[in-house]
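Chemist: One file: upload-v6.csv (CSV, C-alpha atoms).
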```
chain,number,residue,atom,x,y,z
A,1,MET,CA,0.0,0.0,0.0
A,2,TYR,CA,1.2,3.5,-0.8
A,3,ALA,CA,-0.5,6.5,0.9
A,4,SER,CA,-0.3,10.3,0.6
A,5,ILE,CA,-2.4,13.2,1.7
A,6,SER,CA,-4.3,13.0,-1.6
A,7,ALA,CA,-4.7,9.2,-2.2
A,8,SER,CA,-3.9,5.6,-1.3
A,9,GLN,CA,-2.8,3.0,-3.8
A,10,TRP,CA,-2.6,-0.8,-3.8
A,11,GLY,CA,-1.1,-3.2,-6.3
A,12,SER,CA,1.0,-2.6,-9.4
A,13,PRO,CA,0.3,0.2,-11.9
A,14,ALA,CA,1.0,-2.3,-14.6
A,15,ALA,CA,-1.9,-4.5,-13.5
A,16,PRO,CA,-4.4,-5.3,-16.3
A,17,ARG,CA,-7.4,-3.8,-14.5
A,18,LYS,CA,-7.8,-0.5,-12.6
A,19,ALA,CA,-10.2,0.4,-9.9
A,20,LEU,CA,-11.1,3.8,-8.3
A,21,LEU,CA,-12.6,3.8,-4.8
A,22,ILE,CA,-14.4,6.9,-3.5
A,23,HIS,CA,-15.0,7.0,0.2
A,24,GLY,CA,-17.9,8.6,2.1
A,25,LEU,CA,-18.4,11.4,4.6
A,26,LEU,CA,-16.0,11.3,7.6
A,27,ALA,CA,-14.0,8.6,6.0
A,28,CYS,CA,-10.6,8.5,4.3
A,29,SER,CA,-8.8,6.7,1.5
A,30,SER,CA,-7.2,4.1,3.8
A,31,SER,CA,-10.6,2.9,4.9
A,32,TRP,CA,-10.8,0.9,1.6
A,33,VAL,CA,-7.9,-1.4,2.5
A,34,GLY,CA,-10.1,-4.5,2.9
A,35,VAL,CA,-11.8,-4.1,-0.5
A,36,ALA,CA,-8.5,-3.1,-2.1
A,37,GLN,CA,-6.8,-6.2,-1.0
A,38,LEU,CA,-9.5,-8.3,-2.6
A,39,LEU,CA,-9.3,-6.4,-5.8
A,40,VAL,CA,-5.5,-6.7,-6.0
A,41,ALA,CA,-5.8,-10.4,-5.6
A,42,LYS,CA,-8.1,-10.3,-8.7
A,43,GLY,CA,-5.5,-8.5,-10.7
A,44,PHE,CA,-6.4,-4.8,-10.1
A,45,PHE,CA,-4.4,-1.7,-9.5
A,46,VAL,CA,-6.4,0.3,-6.9
A,47,VAL,CA,-6.5,4.0,-6.4
A,48,ALA,CA,-8.5,5.6,-3.5
A,49,PRO,CA,-8.4,9.4,-3.3
A,50,ASN,CA,-9.2,11.5,-0.3
A,51,LEU,CA,-12.2,13.8,-1.0
A,52,LEU,CA,-11.8,17.5,-0.4
A,53,GLY,CA,-12.0,18.2,3.3
A,54,HIS,CA,-11.0,14.7,4.2
A,55,GLY,CA,-7.7,13.1,5.0
A,56,TRP,CA,-6.3,16.4,6.1
A,57,ARG,CA,-7.1,18.0,2.8
A,58,ARG,CA,-8.7,21.4,2.9
A,59,GLY,CA,-11.4,23.0,0.8
A,60,THR,CA,-14.0,25.8,0.7
A,61,ASP,CA,-16.4,24.5,-1.9
A,62,TYR,CA,-18.1,21.2,-1.2
A,63,ARG,CA,-20.7,21.1,-4.0
A,64,MET,CA,-21.0,17.6,-5.5
A,65,SER,CA,-19.8,18.9,-8.8
A,66,THR,CA,-16.7,20.4,-7.2
A,67,LEU,CA,-15.9,17.2,-5.3
A,68,ALA,CA,-16.2,15.3,-8.6
A,69,GLU,CA,-14.1,17.9,-10.5
A,70,ASP,CA,-11.4,17.6,-7.9
A,71,LEU,CA,-11.1,13.8,-8.7
A,72,ARG,CA,-10.1,14.5,-12.3
A,73,SER,CA,-6.5,14.4,-11.1
A,74,SER,CA,-7.0,10.6,-10.7
A,75,PHE,CA,-7.3,10.4,-14.5
A,76,ILE,CA,-3.9,12.0,-15.4
A,77,GLU,CA,-1.6,10.4,-18.0
A,78,ASN,CA,-4.6,8.7,-19.7
A,79,MET,CA,-5.5,6.7,-16.6
A,80,THR,CA,-8.8,4.9,-17.1
A,81,TYR,CA,-10.7,2.6,-14.7
A,82,ASP,CA,-12.6,-0.6,-15.3
A,83,VAL,CA,-14.4,-0.2,-11.9
A,84,ILE,CA,-15.4,2.8,-9.9
A,85,VAL,CA,-16.9,2.3,-6.4
A,86,GLY,CA,-18.5,5.0,-4.4
A,87,HIS,CA,-19.7,4.6,-0.8
A,88,SER,CA,-22.3,6.9,0.8
A,89,LEU,CA,-21.3,10.4,-0.2
A,90,GLY,CA,-18.9,8.9,-2.7
A,91,GLY,CA,-21.9,7.5,-4.6
A,92,PRO,CA,-23.3,10.9,-5.8
A,93,VAL,CA,-19.7,12.0,-6.3
A,94,ALA,CA,-19.1,9.0,-8.6
A,95,LEU,CA,-22.3,9.8,-10.5
A,96,ALA,CA,-21.2,13.4,-10.9
A,97,LEU,CA,-17.9,12.1,-12.3
A,98,LEU,CA,-19.5,10.2,-15.1
A,99,PRO,CA,-19.4,13.0,-17.7
A,100,PHE,CA,-15.6,13.1,-17.4
A,101,LEU,CA,-15.2,9.4,-18.3
A,102,PRO,CA,-14.1,8.2,-21.7
A,103,LYS,CA,-17.1,7.7,-23.9
A,104,THR,CA,-16.0,4.3,-25.3
A,105,LYS,CA,-14.5,2.7,-22.1
A,106,GLU,CA,-16.5,-0.1,-20.5
A,107,THR,CA,-16.9,0.9,-16.9
A,108,ASN,CA,-18.5,-0.8,-13.9
A,109,LEU,CA,-19.9,1.7,-11.5
A,110,ILE,CA,-20.8,0.3,-8.1
A,111,LEU,CA,-22.7,2.5,-5.6
A,112,LEU,CA,-22.8,1.4,-1.9
A,113,ASP,CA,-25.9,2.7,-0.1
A,114,PRO,CA,-25.7,6.1,-1.8
A,115,PRO,CA,-27.8,9.0,-0.2
A,116,LEU,CA,-29.6,10.1,-3.3
A,117,ALA,CA,-32.2,12.2,-1.4
A,118,ILE,CA,-32.3,13.2,2.2
A,119,GLU,CA,-35.5,12.9,4.3
A,120,GLY,CA,-35.9,15.5,6.9
A,121,THR,CA,-34.2,18.9,7.3
A,122,THR,CA,-30.5,19.6,6.8
A,123,GLU,CA,-30.3,20.7,10.5
A,124,MET,CA,-31.4,17.3,11.6
A,125,HIS,CA,-28.5,15.6,9.8
A,126,LEU,CA,-26.1,18.3,11.0
A,127,SER,CA,-27.2,17.7,14.5
A,128,TRP,CA,-26.3,14.0,14.2
A,129,ILE,CA,-22.9,14.8,12.7
A,130,ARG,CA,-22.1,17.2,15.5
A,131,ASN,CA,-22.9,14.5,18.0
A,132,GLU,CA,-20.5,12.2,16.1
A,133,PHE,CA,-17.7,14.7,16.6
A,134,ALA,CA,-18.6,15.4,20.2
A,135,ASN,CA,-19.1,11.8,21.3
A,136,GLY,CA,-17.0,9.7,18.9
A,137,LYS,CA,-17.0,6.0,19.7
A,138,THR,CA,-13.8,4.2,20.7
A,139,THR,CA,-12.5,1.3,18.7
A,140,GLU,CA,-13.9,-1.1,21.3
A,141,GLN,CA,-17.3,0.5,21.1
A,142,LEU,CA,-17.3,0.2,17.3
A,143,ILE,CA,-16.4,-3.4,17.5
A,144,ASN,CA,-19.1,-4.2,20.0
A,145,ASP,CA,-21.8,-2.1,18.3
A,146,TYR,CA,-21.1,-3.1,14.7
A,147,GLY,CA,-19.0,-6.2,14.7
A,148,TRP,CA,-16.4,-4.7,12.3
A,149,SER,CA,-12.8,-5.9,12.3
A,150,ARG,CA,-10.4,-4.0,14.6
A,151,ARG,CA,-8.6,-2.8,11.5
A,152,ASP,CA,-11.7,-1.3,10.0
A,153,CYS,CA,-12.7,0.3,13.3
A,154,VAL,CA,-9.3,2.0,13.7
A,155,LEU,CA,-9.5,3.3,10.1
A,156,HIS,CA,-13.0,4.6,10.7
A,157,GLY,CA,-11.8,6.5,13.7
A,158,LEU,CA,-8.8,7.8,11.7
A,159,GLY,CA,-11.1,9.1,9.0
A,160,VAL,CA,-13.2,11.0,11.5
A,161,SER,CA,-10.1,12.5,13.2
A,162,MET,CA,-8.8,13.8,9.8
A,163,CYS,CA,-12.0,15.6,9.0
A,164,ASP,CA,-13.5,18.6,10.7
A,165,GLN,CA,-17.0,19.9,11.4
A,166,THR,CA,-16.7,22.8,9.0
A,167,THR,CA,-16.2,20.3,6.1
A,168,VAL,CA,-19.3,18.3,7.1
A,169,GLU,CA,-21.4,21.4,7.5
A,170,GLY,CA,-20.2,22.6,4.1
A,171,VAL,CA,-21.1,19.3,2.4
A,172,PHE,CA,-24.7,19.7,3.6
A,173,LEU,CA,-25.1,23.5,3.2
A,174,HIS,CA,-23.5,23.6,-0.3
A,175,ASN,CA,-25.8,20.8,-1.6
A,176,LYS,CA,-29.3,22.1,-0.8
A,177,PRO,CA,-31.6,20.6,-1.7
A,178,TRP,CA,-30.0,17.2,-1.4
A,179,SER,CA,-31.4,15.5,-4.5
A,180,PHE,CA,-29.2,13.5,-6.8
A,181,SER,CA,-31.4,10.9,-8.5
A,182,GLY,CA,-31.2,13.1,-11.6
A,183,LEU,CA,-27.5,12.2,-12.0
A,184,PHE,CA,-28.7,8.8,-13.4
A,185,LYS,CA,-29.9,10.6,-16.5
A,186,ASN,CA,-27.9,10.4,-19.8
A,187,ILE,CA,-25.7,7.5,-18.7
A,188,SER,CA,-23.3,6.4,-21.4
A,189,PRO,CA,-24.1,2.9,-22.8
A,190,HIS,CA,-20.6,1.9,-21.9
A,191,VAL,CA,-21.3,2.2,-18.2
A,192,LYS,CA,-22.9,-0.6,-16.1
A,193,ILE,CA,-24.3,0.5,-12.7
A,194,THR,CA,-24.9,-1.6,-9.7
A,195,VAL,CA,-26.5,-0.1,-6.6
A,196,LEU,CA,-25.9,-2.2,-3.4
A,197,VAL,CA,-28.5,-1.1,-0.8
A,198,SER,CA,-28.1,-1.7,2.9
A,199,ASP,CA,-30.9,-3.1,5.0
A,200,PRO,CA,-33.3,-0.3,6.1
A,201,LYS,CA,-33.6,-2.1,9.5
A,202,VAL,CA,-29.9,-1.6,10.2
A,203,GLY,CA,-29.1,1.8,9.0
A,204,ALA,CA,-29.6,2.1,5.3
A,205,VAL,CA,-29.5,5.7,3.9
A,206,CYS,CA,-30.4,4.8,0.3
A,207,ARG,CA,-34.1,4.5,-0.3
A,208,LEU,CA,-35.3,2.2,-3.1
A,209,GLU,CA,-37.9,4.8,-4.2
A,210,ASP,CA,-35.0,7.3,-4.9
A,211,ILE,CA,-33.4,5.0,-7.5
A,212,PRO,CA,-34.7,5.6,-11.0
A,213,ARG,CA,-36.1,2.5,-12.7
A,214,ASP,CA,-35.9,3.6,-16.3
A,215,VAL,CA,-32.1,3.4,-16.5
A,216,GLU,CA,-30.6,0.8,-18.8
A,217,ARG,CA,-27.8,-1.4,-17.5
A,218,LEU,CA,-28.8,-0.7,-13.9
A,219,ASN,CA,-28.8,-3.5,-11.3
A,220,ILE,CA,-30.2,-3.0,-7.8
A,221,ARG,CA,-29.5,-5.4,-4.9
A,222,VAL,CA,-30.6,-5.2,-1.3
A,223,LEU,CA,-28.3,-6.8,1.3
A,224,PRO,CA,-30.4,-8.2,4.1
A,225,GLY,CA,-28.9,-7.7,7.6
A,226,ILE,CA,-26.1,-5.5,6.3
A,227,GLY,CA,-25.6,-1.9,7.6
A,228,HIS,CA,-24.5,1.3,5.9
A,229,CYS,CA,-20.8,0.4,5.7
A,230,ILE,CA,-21.0,-2.4,3.2
A,231,GLN,CA,-17.2,-2.2,2.6
A,232,TYR,CA,-16.6,-3.3,6.1
A,233,GLU,CA,-19.4,-5.9,6.5
A,234,ARG,CA,-19.6,-7.5,3.0
A,235,PRO,CA,-16.5,-6.5,0.9
A,236,ASP,CA,-17.1,-9.7,-1.1
A,237,SER,CA,-20.4,-8.4,-2.4
A,238,ILE,CA,-18.5,-5.5,-4.0
A,239,VAL,CA,-16.2,-7.9,-5.9
A,240,ASP,CA,-19.1,-10.1,-6.8
A,241,ALA,CA,-20.9,-7.1,-8.4
A,242,ILE,CA,-18.1,-6.5,-10.9
A,243,GLN,CA,-19.4,-7.5,-14.3
A,244,LEU,CA,-16.2,-8.5,-16.0
A,245,PRO,CA,-15.3,-11.8,-17.7
A,246,ARG,CA,-13.9,-14.1,-15.0
A,247,ALA,CA,-11.0,-15.1,-17.1
A,248,LYS,CA,-9.8,-11.5,-17.2
A,249,LEU,CA,-10.1,-10.8,-13.5
```
Rewrite the structure from the file as structure tokens, please.
Modeler:
Amino acid sequence: MYASISASQWGSPAAPRKALLIHGLLACSSSWVGVAQLLVAKGFFVVAPNLLGHGWRRGTDYRMSTLAEDLRSSFIENMTYDVIVGHSLGGPVALALLPFLPKTKETNLILLDPPLAIEGTTEMHLSWIRNEFANGKTTEQLINDYGWSRRDCVLHGLGVSMCDQTTVEGVFLHNKPWSFSGLFKNISPHVKITVLVSDPKVGAVCRLEDIPRDVERLNIRVLPGIGHCIQYERPDSIVDAIQLPRAKL
């Protein structure tokens, strides 16, 4: 693994397949290590950037379009990706990134419980986030509450520690109203989309009614019993969602 303030990388740049992993709110690039290791074992070179305002990065504009524009640096030197994965906030960011993708490149886009619309007021969600900062859980509490591995709990805490409340408030305030189902429009025929939805009973933020049904090459799968952080609880489901010939993985 190679890590910098802007991104983490796993595997060899000469690998036959490339994957871009986009984290969610209060997370960081290193939080993808479990998924990245699985992908490297399948022959991928993996890049995971830190979004603006995360991983010690600073920003002032947190509109979804700006977060996506900032990731264009991940495509330098003609870098293209076979797979793009976005978790939570990273889901709408990944959708906003689609216009920048090559028009003829087959790309698998996998969205992990993306918040396409927010129910309730912005202040309600900001109140929850403020509580996260004020009463952050310890590693042991995360293990007991969610059953995540110790590694993932530590990396979750690291992500929170490298983000500040100003960033989080900016993300909500700069994206009012929070409505991103429209980003599914005009998807290139070379893009396959899979939406993995967490179980509403254990913390899902993606509502099935917010996912358009008239999109070609769109697959939706609900994961019973799985919470919002699919990358921690079912990383194998992400690899299974990649629609590439097995012989080439």
Chemist: Using all atoms listed in the file for the distances, tell me which of A:Ala134, A:Ile76, A:Cys206, A:Leu111 is nearest to Gln165 (chain A).
Modeler: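 For Gln165 (chain A), the nearest of the candidates is A:Ala134.
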Chemist: Considering only C-alpha atoms, return as a ChimeraX atom specification whatever protein or nucleic-acid residues lie within 10 Å of Gly225 (chain A), sequence-local ones (same chain, fewer than 4 positions apart) excluded.
Modeler: /A:198-203,233
Chemist: Those same residues - C-alpha atoms - I'd like them written as a short mmCIF file (atom, residue, chain, number, x, y, z; two decimals), in the frame of the given file.
Modeler:
```
data_model
loop_
_atom_site.label_atom_id
_atom_site.label_comp_id
_atom_site.auth_asym_id
_atom_site.auth_seq_id
_atom_site.Cartn_x
_atom_site.Cartn_y
_atom_site.Cartn_z
CA SER A 198 -28.10 -1.70 2.90
CA ASP A 199 -30.90 -3.10 5.00
CA PRO A 200 -33.30 -0.30 6.10
CA LYS A 201 -33.60 -2.10 9.50
CA VAL A 202 -29.90 -1.60 10.20
CA GLY A 203 -29.10 1.80 9.00
CA GLU A 233 -19.40 -5.90 6.50
#
```
Chemist: Compile the contact shell of Ser65 (chain A) as a list in words: residues with an atom at most 8 Å away, counting all atoms listed in the file, same-chain residues fewer than 5 positions apart removed.
Modeler: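 Contacts, in chain order: Val93, Ala96 and Leu97 of chain A.
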Chemist: Can you list, as a list in words, every protein, DNA or RNA residue that comes within 9 Å of Leu89 (chain A) when you count only C-alpha atoms, leaving out same-chain residues fewer than 6 positions away?
Modeler: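 Answer for this query is Ile22, His23, Gly24, Leu25, Met64, Asp113, Pro114, Pro115 and Leu116 of chain A.
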Chemist: Give me the residues within 7 Å of Ser181 (chain A) as a JSON list (two decimals) with C-alpha atoms, keeping the file's coordinate frame, counting all atoms listed in the file and dropping any in the same chain fewer than 6 places off.
Modeler:
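This went into selection23.json:
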```json
[["chain", "number", "residue", "atom", "x", "y", "z"],
["A", 116, "LEU", "CA", -29.60, 10.10, -3.30],
["A", 210, "ASP", "CA", -35.00, 7.30, -4.90],
["A", 211, "ILE", "CA", -33.40, 5.00, -7.50],
["A", 212, "PRO", "CA", -34.70, 5.60, -11.00]]
```
Chemist: Add whatever atoms are absent from region 114-126 of chain A to reach N, CA and C atoms, and provide the output as a PDB file, in the frame of the given file.
Modeler:
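Output file selection_12.pdb follows:
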```pdb
ATOM      1  N   PRO A 114     -25.890   4.700  -1.520  1.00  0.00           N
ATOM      2  CA  PRO A 114     -25.700   6.100  -1.800  1.00  0.00           C
ATOM      3  C   PRO A 114     -26.926   6.951  -1.288  1.00  0.00           C
ATOM      4  N   PRO A 115     -26.719   8.077  -0.597  1.00  0.00           N
ATOM      5  CA  PRO A 115     -27.800   9.000  -0.200  1.00  0.00           C
ATOM      6  C   PRO A 115     -28.239   9.835  -1.373  1.00  0.00           C
ATOM      7  N   LEU A 116     -29.207   9.389  -2.145  1.00  0.00           N
ATOM      8  CA  LEU A 116     -29.600  10.100  -3.300  1.00  0.00           C
ATOM      9  C   LEU A 116     -30.570  11.261  -3.005  1.00  0.00           C
ATOM     10  N   ALA A 117     -31.291  11.120  -1.915  1.00  0.00           N
ATOM     11  CA  ALA A 117     -32.200  12.200  -1.400  1.00  0.00           C
ATOM     12  C   ALA A 117     -32.182  12.083   0.101  1.00  0.00           C
ATOM     13  N   ILE A 118     -32.369  13.195   0.767  1.00  0.00           N
ATOM     14  CA  ILE A 118     -32.300  13.200   2.200  1.00  0.00           C
ATOM     15  C   ILE A 118     -33.735  13.519   2.756  1.00  0.00           C
ATOM     16  N   GLU A 119     -34.176  12.657   3.637  1.00  0.00           N
ATOM     17  CA  GLU A 119     -35.500  12.900   4.300  1.00  0.00           C
ATOM     18  C   GLU A 119     -35.265  13.680   5.546  1.00  0.00           C
ATOM     19  N   GLY A 120     -36.083  14.692   5.731  1.00  0.00           N
ATOM     20  CA  GLY A 120     -35.900  15.500   6.900  1.00  0.00           C
ATOM     21  C   GLY A 120     -35.109  16.786   6.558  1.00  0.00           C
ATOM     22  N   THR A 121     -34.866  17.631   7.541  1.00  0.00           N
ATOM     23  CA  THR A 121     -34.200  18.900   7.300  1.00  0.00           C
ATOM     24  C   THR A 121     -32.645  18.705   7.392  1.00  0.00           C
ATOM     25  N   THR A 122     -31.943  19.633   6.762  1.00  0.00           N
ATOM     26  CA  THR A 122     -30.500  19.600   6.800  1.00  0.00           C
ATOM     27  C   THR A 122     -30.019  19.729   8.278  1.00  0.00           C
ATOM     28  N   GLU A 123     -30.713  20.528   9.072  1.00  0.00           N
ATOM     29  CA  GLU A 123     -30.300  20.700  10.500  1.00  0.00           C
ATOM     30  C   GLU A 123     -30.388  19.426  11.254  1.00  0.00           C
ATOM     31  N   MET A 124     -31.340  18.561  10.931  1.00  0.00           N
ATOM     32  CA  MET A 124     -31.400  17.300  11.600  1.00  0.00           C
ATOM     33  C   MET A 124     -30.174  16.447  11.381  1.00  0.00           C
ATOM     34  N   HIS A 125     -29.708  16.435  10.143  1.00  0.00           N
ATOM     35  CA  HIS A 125     -28.500  15.600   9.800  1.00  0.00           C
ATOM     36  C   HIS A 125     -27.256  16.278  10.386  1.00  0.00           C
ATOM     37  N   LEU A 126     -27.206  17.604  10.377  1.00  0.00           N
ATOM     38  CA  LEU A 126     -26.100  18.300  11.000  1.00  0.00           C
ATOM     39  C   LEU A 126     -25.986  18.016  12.462  1.00  0.00           C
TER      40      LEU A 126
END
```
